[in-house]
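Novice: This is the content of start_16.json (JSON, C-alpha atoms and all ligand atoms):
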```json
[["chain", "number", "residue", "atom", "x", "y", "z"],
["I", 612, "MET", "CA", 0.00, 0.00, 0.00],
["I", 613, "THR", "CA", 1.36, 3.47, -0.87],
["I", 614, "MET", "CA", 1.56, 6.35, 1.63],
["I", 615, "ALA", "CA", -1.14, 8.22, -0.37],
["I", 616, "GLU", "CA", -3.52, 5.22, -0.21],
["I", 617, "LEU", "CA", -2.94, 4.83, 3.51],
["I", 618, "GLY", "CA", -3.77, 8.51, 4.08],
["I", 619, "ALA", "CA", -6.87, 8.45, 1.87],
["I", 620, "GLY", "CA", -8.17, 5.24, 3.48],
["I", 621, "SER", "CA", -8.18, 6.65, 6.96],
["I", 622, "ARG", "CA", -9.51, 10.13, 6.16],
["I", 623, "LEU", "CA", -13.15, 9.03, 6.21],
["I", 624, "ARG", "CA", -13.00, 7.66, 9.76],
["I", 625, "ARG", "CA", -10.71, 10.40, 11.08],
["I", 626, "LEU", "CA", -11.91, 12.83, 13.74],
["I", 627, "ASP", "CA", -9.65, 15.46, 15.19],
["I", 628, "TRP", "CA", -8.22, 14.59, 18.59],
["I", 629, "TYR", "CA", -9.56, 17.57, 20.53],
["I", 630, "GLY", "CA", -12.36, 18.47, 18.11],
["I", 631, "ASP", "CA", -12.76, 21.91, 16.65],
["I", 632, "LEU", "CA", -11.14, 23.90, 19.45],
["I", 633, "TYR", "CA", -7.78, 22.21, 18.85],
["I", 634, "SER", "CA", -8.10, 22.56, 15.06],
["I", 635, "GLU", "CA", -8.93, 26.25, 15.35],
["I", 636, "ALA", "CA", -6.00, 26.90, 17.69],
["I", 637, "ILE", "CA", -3.55, 25.04, 15.43],
["I", 638, "ARG", "CA", -4.90, 26.85, 12.37],
["I", 639, "ALA", "CA", -4.52, 30.23, 14.14],
["I", 640, "GLY", "CA", -1.17, 29.27, 15.70],
["I", 641, "ARG", "CA", -2.25, 30.40, 19.17],
["I", 642, "GLY", "CA", -4.28, 29.58, 22.29],
["I", 643, "PRO", "CA", -5.19, 29.96, 25.01],
["I", 644, "LEU", "CA", -6.27, 26.32, 25.22],
["I", 645, "PHE", "CA", -6.28, 24.05, 28.25],
["I", 646, "LEU", "CA", -6.35, 20.31, 28.99],
["I", 647, "CYS", "CA", -8.86, 19.93, 31.86],
["I", 648, "ARG", "CA", -9.67, 17.18, 34.34],
["I", 649, "SER", "CA", -13.13, 16.95, 35.91],
["I", 650, "ASP", "CA", -11.69, 18.01, 39.33],
["I", 651, "GLY", "CA", -10.81, 21.45, 37.92],
["I", 652, "TRP", "CA", -7.08, 20.84, 37.26],
["I", 653, "MET", "CA", -6.02, 22.61, 34.07],
["I", 654, "LEU", "CA", -2.85, 22.28, 32.00],
["I", 655, "PRO", "CA", -2.19, 25.08, 29.48],
["I", 656, "LEU", "CA", -1.49, 23.62, 26.02],
["I", 657, "GLU", "CA", 1.52, 25.34, 24.49],
["I", 658, "ILE", "CA", 0.03, 25.96, 21.05],
["I", 659, "GLU", "CA", 2.35, 28.90, 20.27],
["I", 660, "ARG", "CA", 5.47, 26.85, 21.07],
["I", 661, "TRP", "CA", 4.21, 23.84, 19.09],
["I", 662, "CYS", "CA", 3.54, 26.10, 16.08],
["I", 663, "ALA", "CA", 6.97, 27.79, 16.27],
["I", 664, "ASP", "CA", 10.32, 26.46, 15.07],
["I", 665, "ALA", "CA", 12.15, 23.85, 17.18],
["I", 666, "ASP", "CA", 13.74, 25.59, 20.18],
["I", 667, "GLU", "CA", 16.97, 25.02, 22.16],
["I", 668, "VAL", "CA", 15.38, 22.29, 24.30],
["I", 669, "ASP", "CA", 14.07, 20.51, 21.18],
["I", 670, "GLN", "CA", 17.61, 20.55, 19.75],
["I", 671, "GLU", "CA", 18.68, 18.11, 22.49],
["I", 672, "VAL", "CA", 16.06, 15.70, 21.14],
["I", 673, "LEU", "CA", 16.93, 16.34, 17.50],
["I", 674, "ARG", "CA", 20.60, 15.59, 17.98],
["I", 675, "ARG", "CA", 19.78, 12.18, 19.52],
["I", 676, "CYS", "CA", 17.69, 11.09, 16.51],
["I", 677, "ARG", "CA", 19.26, 8.39, 14.33],
["I", 678, "GLY", "CA", 18.30, 7.40, 10.77],
["I", 679, "SER", "CA", 14.65, 7.38, 9.76],
["I", 680, "VAL", "CA", 12.27, 9.08, 12.19],
["I", 681, "LEU", "CA", 8.53, 8.68, 12.80],
["I", 682, "ASP", "CA", 7.07, 11.60, 14.78],
["I", 683, "ILE", "CA", 3.94, 10.22, 16.49],
["I", 684, "GLY", "CA", 1.34, 12.92, 17.20],
["I", 685, "CYS", "CA", 3.44, 15.42, 15.25],
["I", 686, "GLY", "CA", 1.03, 18.35, 15.73],
["I", 687, "PRO", "CA", 2.00, 21.24, 13.44],
["I", 688, "GLY", "CA", 5.30, 19.48, 12.78],
["I", 689, "ARG", "CA", 8.19, 21.46, 14.22],
["I", 690, "PHE", "CA", 10.23, 18.26, 14.81],
["I", 691, "ALA", "CA", 9.48, 16.80, 11.37],
["I", 692, "VAL", "CA", 10.45, 20.07, 9.70],
["I", 693, "ALA", "CA", 13.71, 20.40, 11.67],
["I", 694, "LEU", "CA", 14.60, 16.75, 11.01],
["I", 695, "ARG", "CA", 14.00, 17.15, 7.29],
["I", 696, "ALA", "CA", 16.37, 20.13, 7.32],
["I", 697, "ARG", "CA", 18.93, 17.78, 8.93],
["I", 698, "ARG", "CA", 18.38, 15.35, 6.03],
["I", 699, "HIS", "CA", 16.66, 12.60, 8.01],
["I", 700, "GLU", "CA", 13.99, 10.53, 6.34],
["I", 701, "VAL", "CA", 11.03, 11.68, 8.45],
["I", 702, "LEU", "CA", 7.27, 11.21, 8.56],
["I", 703, "GLY", "CA", 4.81, 12.88, 10.92],
["I", 704, "ILE", "CA", 1.52, 11.21, 11.80],
["I", 705, "ASP", "CA", -1.38, 12.84, 13.59],
["I", 706, "VAL", "CA", -5.14, 12.30, 13.88],
["I", 707, "SER", "CA", -5.71, 16.05, 13.39],
["I", 708, "ALA", "CA", -6.15, 16.88, 9.71],
["I", 709, "VAL", "CA", -5.38, 20.54, 10.46],
["I", 710, "ALA", "CA", -2.10, 19.64, 12.19],
["I", 711, "VAL", "CA", -1.11, 17.38, 9.30],
["I", 712, "GLN", "CA", -1.87, 20.10, 6.76],
["I", 713, "ARG", "CA", 0.19, 22.59, 8.75],
["I", 714, "THR", "CA", 3.11, 20.16, 8.87],
["I", 715, "ARG", "CA", 2.91, 19.71, 5.10],
["I", 716, "ASP", "CA", 2.65, 23.48, 4.56],
["I", 717, "ASN", "CA", 5.85, 23.80, 6.59],
["I", 718, "GLY", "CA", 7.57, 21.41, 4.17],
["I", 719, "ALA", "CA", 7.60, 18.02, 5.91],
["I", 720, "GLU", "CA", 5.78, 14.82, 4.99],
["I", 721, "ALA", "CA", 2.82, 13.91, 7.22],
["I", 722, "LEU", "CA", -0.19, 11.60, 7.15],
["I", 723, "CYS", "CA", -3.50, 11.81, 8.94],
["I", 724, "LEU", "CA", -3.26, 8.50, 10.76],
["I", 725, "SER", "CA", -3.53, 7.20, 14.31],
["I", 726, "VAL", "CA", -0.56, 5.40, 15.84],
["I", 727, "TYR", "CA", -2.92, 2.39, 16.05],
["I", 728, "ASP", "CA", -3.60, 2.41, 12.29],
["I", 729, "ARG", "CA", -1.52, 0.40, 9.85],
["I", 730, "LEU", "CA", 1.52, 2.60, 9.20],
["I", 731, "PRO", "CA", 4.13, 2.83, 6.44],
["I", 732, "GLY", "CA", 7.42, 1.14, 7.30],
["I", 733, "GLU", "CA", 6.18, -0.64, 10.44],
["I", 734, "GLY", "CA", 9.09, -2.31, 12.20],
["I", 735, "SER", "CA", 11.73, -0.33, 10.33],
["I", 736, "TRP", "CA", 11.79, 3.18, 11.88],
["I", 737, "ASN", "CA", 15.19, 3.78, 13.48],
["I", 738, "THR", "CA", 13.79, 6.46, 15.81],
["I", 739, "THR", "CA", 10.24, 7.13, 17.00],
["I", 740, "LEU", "CA", 9.18, 10.29, 18.85],
["I", 741, "LEU", "CA", 6.55, 10.94, 21.53],
["I", 742, "MET", "CA", 7.00, 14.63, 22.30],
["I", 743, "ASP", "CA", 5.02, 17.18, 24.34],
["I", 744, "GLY", "CA", 3.27, 14.65, 26.57],
["I", 745, "ASN", "CA", 2.33, 12.25, 23.75],
["I", 746, "ILE", "CA", 3.04, 9.23, 25.98],
["I", 747, "GLY", "CA", -0.50, 10.12, 27.13],
["I", 748, "ILE", "CA", -2.07, 9.25, 23.75],
["I", 749, "GLY", "CA", -5.06, 6.93, 24.23],
["I", 750, "GLY", "CA", -4.72, 6.91, 28.05],
["I", 751, "ASP", "CA", -2.97, 3.51, 28.07],
["I", 752, "PRO", "CA", 0.82, 3.93, 27.97],
["I", 753, "THR", "CA", 1.45, 0.18, 28.30],
["I", 754, "ALA", "CA", -0.55, -0.49, 25.13],
["I", 755, "LEU", "CA", 1.16, 2.46, 23.45],
["I", 756, "LEU", "CA", 4.68, 1.20, 24.29],
["I", 757, "ARG", "CA", 3.77, -2.27, 23.00],
["I", 758, "ARG", "CA", 2.36, -0.77, 19.80],
["I", 759, "ILE", "CA", 5.47, 1.38, 19.26],
["I", 760, "ALA", "CA", 7.67, -1.70, 19.74],
["I", 761, "ASP", "CA", 5.99, -3.07, 16.59],
["I", 762, "ILE", "CA", 6.66, 0.16, 14.69],
["I", 763, "THR", "CA", 10.27, 0.78, 15.76],
["I", 764, "ALA", "CA", 13.17, -1.23, 14.35],
["I", 765, "PRO", "CA", 14.68, -3.84, 16.74],
["I", 766, "ASP", "CA", 17.13, -2.00, 19.03],
["I", 767, "GLY", "CA", 15.86, 1.32, 17.61],
["I", 768, "LEU", "CA", 15.25, 4.41, 19.75],
["I", 769, "LEU", "CA", 12.08, 5.86, 21.23],
["I", 770, "LEU", "CA", 12.51, 9.42, 22.52],
["I", 771, "VAL", "CA", 9.78, 10.35, 25.01],
["I", 772, "GLU", "CA", 8.96, 13.61, 26.76],
["I", 773, "VAL", "CA", 7.85, 12.92, 30.34],
["I", 774, "ALA", "CA", 6.14, 15.08, 32.95],
["I", 775, "ASN", "CA", 8.75, 16.88, 35.00],
["I", 776, "MET", "CA", 7.37, 15.52, 38.29],
["I", 777, "ASP", "CA", 6.67, 12.18, 39.94],
["I", 778, "VAL", "CA", 3.28, 11.42, 38.38],
["I", 779, "ASP", "CA", 1.61, 8.26, 37.06],
["I", 780, "GLU", "CA", -2.01, 8.93, 36.16],
["I", 781, "ARG", "CA", -4.72, 7.76, 33.75],
["I", 782, "VAL", "CA", -7.35, 10.43, 33.35],
["I", 783, "THR", "CA", -10.37, 11.52, 31.40],
["I", 784, "VAL", "CA", -9.84, 15.04, 30.08],
["I", 785, "HIS", "CA", -11.33, 17.57, 27.72],
["I", 786, "VAL", "CA", -10.00, 20.65, 26.00],
["I", 787, "ALA", "CA", -11.35, 24.10, 26.91],
["I", 788, "ASP", "CA", -10.69, 27.61, 25.68],
["I", 789, "SER", "CA", -10.98, 30.86, 27.63],
["I", 790, "ASN", "CA", -14.42, 31.70, 26.17],
["I", 791, "GLY", "CA", -16.36, 28.81, 27.70],
["I", 792, "GLY", "CA", -15.82, 26.46, 24.74],
["I", 793, "ARG", "CA", -15.13, 22.82, 25.58],
["I", 794, "GLY", "CA", -14.46, 19.67, 23.56],
["I", 795, "ASP", "CA", -15.45, 16.02, 24.06],
["I", 796, "HIS", "CA", -13.97, 13.85, 26.79],
["I", 797, "PHE", "CA", -11.08, 11.56, 25.91],
["I", 798, "ALA", "CA", -8.61, 9.28, 27.73],
["I", 799, "TRP", "CA", -5.13, 10.62, 28.51],
["I", 800, "ALA", "CA", -2.18, 9.69, 30.74],
["I", 801, "ARG", "CA", 0.68, 11.58, 32.42],
["I", 802, "LEU", "CA", 3.94, 9.89, 33.40],
["I", 803, "GLY", "CA", 7.10, 11.09, 35.09],
["I", 804, "ILE", "CA", 10.44, 9.37, 34.59],
["I", 805, "GLU", "CA", 9.92, 6.84, 37.44],
["I", 806, "ALA", "CA", 6.60, 5.65, 36.04],
["I", 807, "LEU", "CA", 7.99, 5.49, 32.50],
["I", 808, "SER", "CA", 10.99, 3.42, 33.68],
["I", 809, "ARG", "CA", 8.65, 0.91, 35.34],
["I", 810, "LEU", "CA", 6.44, 0.59, 32.25],
["I", 811, "ALA", "CA", 9.48, 0.36, 29.98],
["I", 812, "SER", "CA", 10.85, -2.66, 31.82],
["I", 813, "ASP", "CA", 7.37, -4.28, 31.89],
["I", 814, "THR", "CA", 7.21, -3.97, 28.09],
["I", 815, "ASP", "CA", 10.83, -5.00, 27.30],
["I", 816, "TRP", "CA", 12.06, -1.49, 26.45],
["I", 817, "ARG", "CA", 15.41, -0.50, 28.01],
["I", 818, "LEU", "CA", 16.00, 2.94, 29.50],
["I", 819, "ASP", "CA", 19.19, 4.25, 27.84],
["I", 820, "GLU", "CA", 19.27, 7.73, 29.34],
["I", 821, "HIS", "CA", 17.11, 10.54, 30.68],
["I", 822, "TRP", "CA", 17.72, 14.27, 30.85],
["I", 823, "GLN", "CA", 16.13, 17.57, 31.81],
["I", 824, "VAL", "CA", 16.46, 20.96, 30.17],
["I", 825, "ASP", "CA", 14.63, 24.15, 31.11],
["I", 826, "GLY", "CA", 12.01, 22.39, 33.21],
["I", 827, "ARG", "CA", 11.26, 19.74, 30.56],
["I", 828, "GLY", "CA", 12.09, 16.04, 31.02],
["I", 829, "PHE", "CA", 12.96, 13.41, 28.41],
["I", 830, "ALA", "CA", 13.94, 9.75, 28.15],
["I", 831, "ALA", "CA", 15.59, 7.62, 25.47],
["I", 832, "LEU", "CA", 14.30, 4.03, 25.37],
["I", 833, "ARG", "CA", 15.88, 1.22, 23.39],
["I", 834, "ALA", "CA", 13.44, -1.10, 21.57],
["I", 835, "PRO", "CA", 13.22, -4.79, 22.36],
["I", 836, "SER", "CA", 15.59, -7.02, 20.35],
["I", 837, "PRO", "CA", 13.89, -9.66, 18.23],
["I", 838, "PRO", "CA", 13.82, -13.13, 19.84],
["I", 839, "GLN", "CA", 16.91, -15.20, 18.94],
["I", 840, "HIS", "CA", 14.96, -17.63, 16.71],
["I", 841, "GLU", "CA", 13.67, -14.67, 14.62],
["I", 842, "LYS", "CA", 17.22, -13.30, 14.24],
["I", 843, "ARG", "CA", 18.35, -16.64, 12.77],
["I", 844, "ARG", "CA", 15.57, -16.75, 10.11],
["L", 901, "LIG", "C1", 0.06, 17.17, 23.15],
["L", 901, "LIG", "S1", -0.17, 17.38, 21.41],
["L", 901, "LIG", "C2", 1.51, 17.27, 20.86],
["L", 901, "LIG", "C3", 1.89, 18.24, 19.79],
["L", 901, "LIG", "C4", 3.12, 17.96, 18.98],
["L", 901, "LIG", "N1", 4.06, 17.00, 19.49],
["L", 901, "LIG", "C5", 3.80, 19.23, 18.52],
["L", 901, "LIG", "O1", 5.01, 19.29, 18.43],
["L", 901, "LIG", "O2", 3.09, 20.16, 18.21],
["L", 901, "LIG", "C6", -0.77, 15.75, 21.00],
["L", 901, "LIG", "C7", -0.90, 15.48, 19.51],
["L", 901, "LIG", "O3", -1.15, 14.08, 19.34],
["L", 901, "LIG", "C8", -2.17, 13.91, 18.39],
["L", 901, "LIG", "N2", -2.81, 12.59, 18.64],
["L", 901, "LIG", "C9", -3.73, 12.26, 19.58],
["L", 901, "LIG", "N3", -4.06, 10.97, 19.50],
["L", 901, "LIG", "C10", -3.33, 10.44, 18.49],
["L", 901, "LIG", "C11", -3.22, 9.13, 17.92],
["L", 901, "LIG", "N4", -3.95, 8.11, 18.38],
["L", 901, "LIG", "N5", -2.35, 8.94, 16.91],
["L", 901, "LIG", "C12", -1.61, 9.98, 16.42],
["L", 901, "LIG", "N6", -1.68, 11.25, 16.91],
["L", 901, "LIG", "C13", -2.52, 11.48, 17.93],
["L", 901, "LIG", "C14", -3.08, 15.11, 18.58],
["L", 901, "LIG", "O4", -3.88, 15.39, 17.45],
["L", 901, "LIG", "C15", -2.08, 16.20, 18.86],
["L", 901, "LIG", "O5", -1.66, 16.88, 17.70]]
```
Would you mind writing the structure in this file as structure tokens?

Specialist:
Amino acid sequence: MTMAELGAGSRLRRLDWYGDLYSEAIRAGRGPLFLCRSDGWMLPLEIERWCADADEVDQEVLRRCRGSVLDIGCGPGRFAVALRARRHEVLGIDVSAVAVQRTRDNGAEALCLSVYDRLPGEGSWNTTLLMDGNIGIGGDPTALLRRIADITAPDGLLLVEVANMDVDERVTVHVADSNGGRGDHFAWARLGIEALSRLASDTDWRLDEHWQVDGRGFAALRAPSPPQHEKRR
């Protein structure tokens, strides 16, 4: 199946992640927009930063990327664009059609697909990215790490941004703006480095390194090796 066919096939059943509020913010390049829990906790979504060029903190991620890169939940695509400029083979995927279009407008390749859809090059990506809290996608990080093990090449790298605090939560959230607008509920998760390390070892990923810059935390995980009998085939 070609990349174009994959994209076309999934367009019909694709709904934007946060609904219209997220699409409008990404289209405009600005918030304010918040991720909200039912108990009143609110996390500002950094739409302006996501829509800008990769910053100094992002550079630390970019320089760790090796070979071909799949940016999962690429948003408006600042990582994909910067990686293309560094001559990596790179593809962004996102369930938001507006985010995908913005990534393409910025000059990188992107497809409107979920990480749980059939993806181009499954099992061959040298590096996969989960930036800006994307370990929360789907609210089930164990399932997400297992899924990404199928997508990433054996012994490949997964670079993950973690919450910069000791947190391990599965939550139902919605997006809200500052004018009383709110989107549908969806499942999300937040993990700090301790929680990610535990889940990584439960799912056969190995923690290679973790680092913090400017109040943001990251981890590099090494993908499971194929079982010995598969290596011999
Ligand atoms: C917290 S934002 C991250 C933004 C992005 N990393 C950036 O640099 O702008 C989460 C992104 O993941 C996308 N997303 C949510 N669920 C997804 C899924 N199942 N597969 C792929 N992308 C998804 C959302 O549409 C959104 O753009």

Novice: Report, in Å to a single decimal, how far apart atom CA of I:Arg697 and atom CA of I:Val709 are.

Specialist: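 Taking atom CA of I:Val709 and atom CA of I:Arg697, their separation equals 24.5 Å.
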
Novice: List as a short mmCIF file (atom, residue, chain, number, x, y, z; two decimals) with C-alpha atoms, in the coordinates of the input the protein and nucleic acid residues lying within 7 Å of ligand LIG 901 (chain L), with all atoms listed in the file counted.

Specialist:
```
data_model
loop_
_atom_site.label_atom_id
_atom_site.label_comp_id
_atom_site.auth_asym_id
_atom_site.auth_seq_id
_atom_site.Cartn_x
_atom_site.Cartn_y
_atom_site.Cartn_z
CA ASP I 627 -9.65 15.46 15.19
CA TRP I 628 -8.22 14.59 18.59
CA TYR I 629 -9.56 17.57 20.53
CA TRP I 661 4.21 23.84 19.09
CA CYS I 662 3.54 26.10 16.08
CA ILE I 683 3.94 10.22 16.49
CA GLY I 684 1.34 12.92 17.20
CA CYS I 685 3.44 15.42 15.25
CA GLY I 686 1.03 18.35 15.73
CA PRO I 687 2.00 21.24 13.44
CA GLY I 688 5.30 19.48 12.78
CA ARG I 689 8.19 21.46 14.22
CA PHE I 690 10.23 18.26 14.81
CA ILE I 704 1.52 11.21 11.80
CA ASP I 705 -1.38 12.84 13.59
CA VAL I 706 -5.14 12.30 13.88
CA SER I 707 -5.71 16.05 13.39
CA ALA I 710 -2.10 19.64 12.19
CA LEU I 724 -3.26 8.50 10.76
CA SER I 725 -3.53 7.20 14.31
CA VAL I 726 -0.56 5.40 15.84
CA TYR I 727 -2.92 2.39 16.05
CA LEU I 741 6.55 10.94 21.53
CA MET I 742 7.00 14.63 22.30
CA ASP I 743 5.02 17.18 24.34
CA GLY I 744 3.27 14.65 26.57
CA ASN I 745 2.33 12.25 23.75
CA ILE I 748 -2.07 9.25 23.75
CA GLY I 749 -5.06 6.93 24.23
#
```

Novice: Would you list the contacts of stretch 763-770 of chain I as a PyMOL selection string, taking every protein, DNA or RNA residue within 10 Å and counting only C-alpha atoms, but skipping same-chain residues closer than 5 positions in sequence?

Specialist: chain I and resi 672-673+675-682+732-742+756+758+816-821+829-838

Novice: So that I can see what lies close to stretch 641-650 of chain I, please list as a PyMOL selection string the residues with an atom at most 9 Å from it, counting only C-alpha atoms and leaving out residues fewer than 3 positions away in the same chain.

Specialist: chain I and resi 632-633+635-638+653-660+662+782-789

Novice: Generate the output file for the selected residues, C-alpha atoms, as a compact mmCIF listing (two decimals), in the coordinates of the input.

Specialist:
```txt
# COMPACT_ATOMS: atom_id res chain seq x y z
CA LEU I 632 -11.14 23.90 19.45
CA TYR I 633 -7.78 22.21 18.85
CA GLU I 635 -8.93 26.25 15.35
CA ALA I 636 -6.00 26.90 17.69
CA ILE I 637 -3.55 25.04 15.43
CA ARG I 638 -4.90 26.85 12.37
CA MET I 653 -6.02 22.61 34.07
CA LEU I 654 -2.85 22.28 32.00
CA PRO I 655 -2.19 25.08 29.48
CA LEU I 656 -1.49 23.62 26.02
CA GLU I 657 1.52 25.34 24.49
CA ILE I 658 0.03 25.96 21.05
CA GLU I 659 2.35 28.90 20.27
CA ARG I 660 5.47 26.85 21.07
CA CYS I 662 3.54 26.10 16.08
CA VAL I 782 -7.35 10.43 33.35
CA THR I 783 -10.37 11.52 31.40
CA VAL I 784 -9.84 15.04 30.08
CA HIS I 785 -11.33 17.57 27.72
CA VAL I 786 -10.00 20.65 26.00
CA ALA I 787 -11.35 24.10 26.91
CA ASP I 788 -10.69 27.61 25.68
CA SER I 789 -10.98 30.86 27.63
```

Novice: Pick out the closest residue to I:Glu667 from this set: I:Ala693, I:Ile804, I:Ile746, I:Ala760. Count all atoms listed in the file.

Specialist: I:Ala693

Novice: Would you list the residues near (2.5, 8.3, 32.6), meaning any protein, DNA or RNA residue with an atom at most 7 Å from that point in file coordinates, counting all atoms listed in the file, as a list of chain:residue names?

Specialist: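 Those residues, ordered by chain and then number, are I:Ile746, I:Gly747, I:Pro752, I:Val778, I:Asp779, I:Glu780, I:Ala800, I:Arg801, I:Leu802, I:Gly803, I:Ala806, I:Leu807.
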
Novice: Limited to C-alpha atoms, could you put the picked residues into a file as a short mmCIF file (atom, residue, chain, number, x, y, z; two decimals), keeping the file's coordinate frame?

Specialist:
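again_21.cif written:
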```cif
data_model
loop_
_atom_site.label_atom_id
_atom_site.label_comp_id
_atom_site.auth_asym_id
_atom_site.auth_seq_id
_atom_site.Cartn_x
_atom_site.Cartn_y
_atom_site.Cartn_z
CA ILE I 746 3.04 9.23 25.98
CA GLY I 747 -0.50 10.12 27.13
CA PRO I 752 0.82 3.93 27.97
CA VAL I 778 3.28 11.42 38.38
CA ASP I 779 1.61 8.26 37.06
CA GLU I 780 -2.01 8.93 36.16
CA ALA I 800 -2.18 9.69 30.74
CA ARG I 801 0.68 11.58 32.42
CA LEU I 802 3.94 9.89 33.40
CA GLY I 803 7.10 11.09 35.09
CA ALA I 806 6.60 5.65 36.04
CA LEU I 807 7.99 5.49 32.50
#
```

Novice: Given the choices I:Gly651, I:Arg781, I:Gly792, I:Leu694, which gets closest to I:Ala665 if the distance is worked out from all atoms listed in the file?

Specialist: I:Leu694

Novice: Hey, can you check how far atom CA of I:Asn717 sits from atom CA of I:Trp799?

Specialist: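 Computed distance, atom CA of I:Asn717 to atom CA of I:Trp799, equals 27.8 Å.
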
Novice: Between atom CA of I:Asn775 and atom CA of I:Val668, measure the distance and give it in Å to one decimal.

Specialist: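 Going from atom CA of I:Asn775 over to atom CA of I:Val668 covers 13.7 Å.
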
Novice: Under the rule that all atoms listed in the file are counted, which of I:Phe797, I:Asp761, I:Ala754, I:Ser634 is the nearest residue to I:Val711?

Specialist: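 For I:Val711, the nearest of the given residues is I:Ser634.
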
Novice: Give as a tab-separated table (two decimals) with C-alpha atoms, in the coordinates of the input every residue, naming chains and numbers as the document does, that has an atom within 12 Å of (11.6, 23.9, 33.1), counting only C-alpha atoms.

Specialist:
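Contents of point09.tsv, freshly written:
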```
chain	number	residue	atom	x	y	z
I	668	VAL	CA	15.38	22.29	24.30
I	773	VAL	CA	7.85	12.92	30.34
I	774	ALA	CA	6.14	15.08	32.95
I	775	ASN	CA	8.75	16.88	35.00
I	776	MET	CA	7.37	15.52	38.29
I	822	TRP	CA	17.72	14.27	30.85
I	823	GLN	CA	16.13	17.57	31.81
I	824	VAL	CA	16.46	20.96	30.17
I	825	ASP	CA	14.63	24.15	31.11
I	826	GLY	CA	12.01	22.39	33.21
I	827	ARG	CA	11.26	19.74	30.56
I	828	GLY	CA	12.09	16.04	31.02
I	829	PHE	CA	12.96	13.41	28.41
```

Novice: Nearest to I:Asp815: which of I:Ile759, I:Ala696, I:Ala663, I:Ala708 is it, counting all atoms listed in the file?

Specialist: I:Ile759

Novice: Given only C-alpha atoms as the basis, pick out the residue of I:Arg757, I:Asn790, I:Glu772, I:Glu720 nearest to I:Leu810.

Specialist: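 Closest to I:Leu810 of all the choices is I:Arg757.
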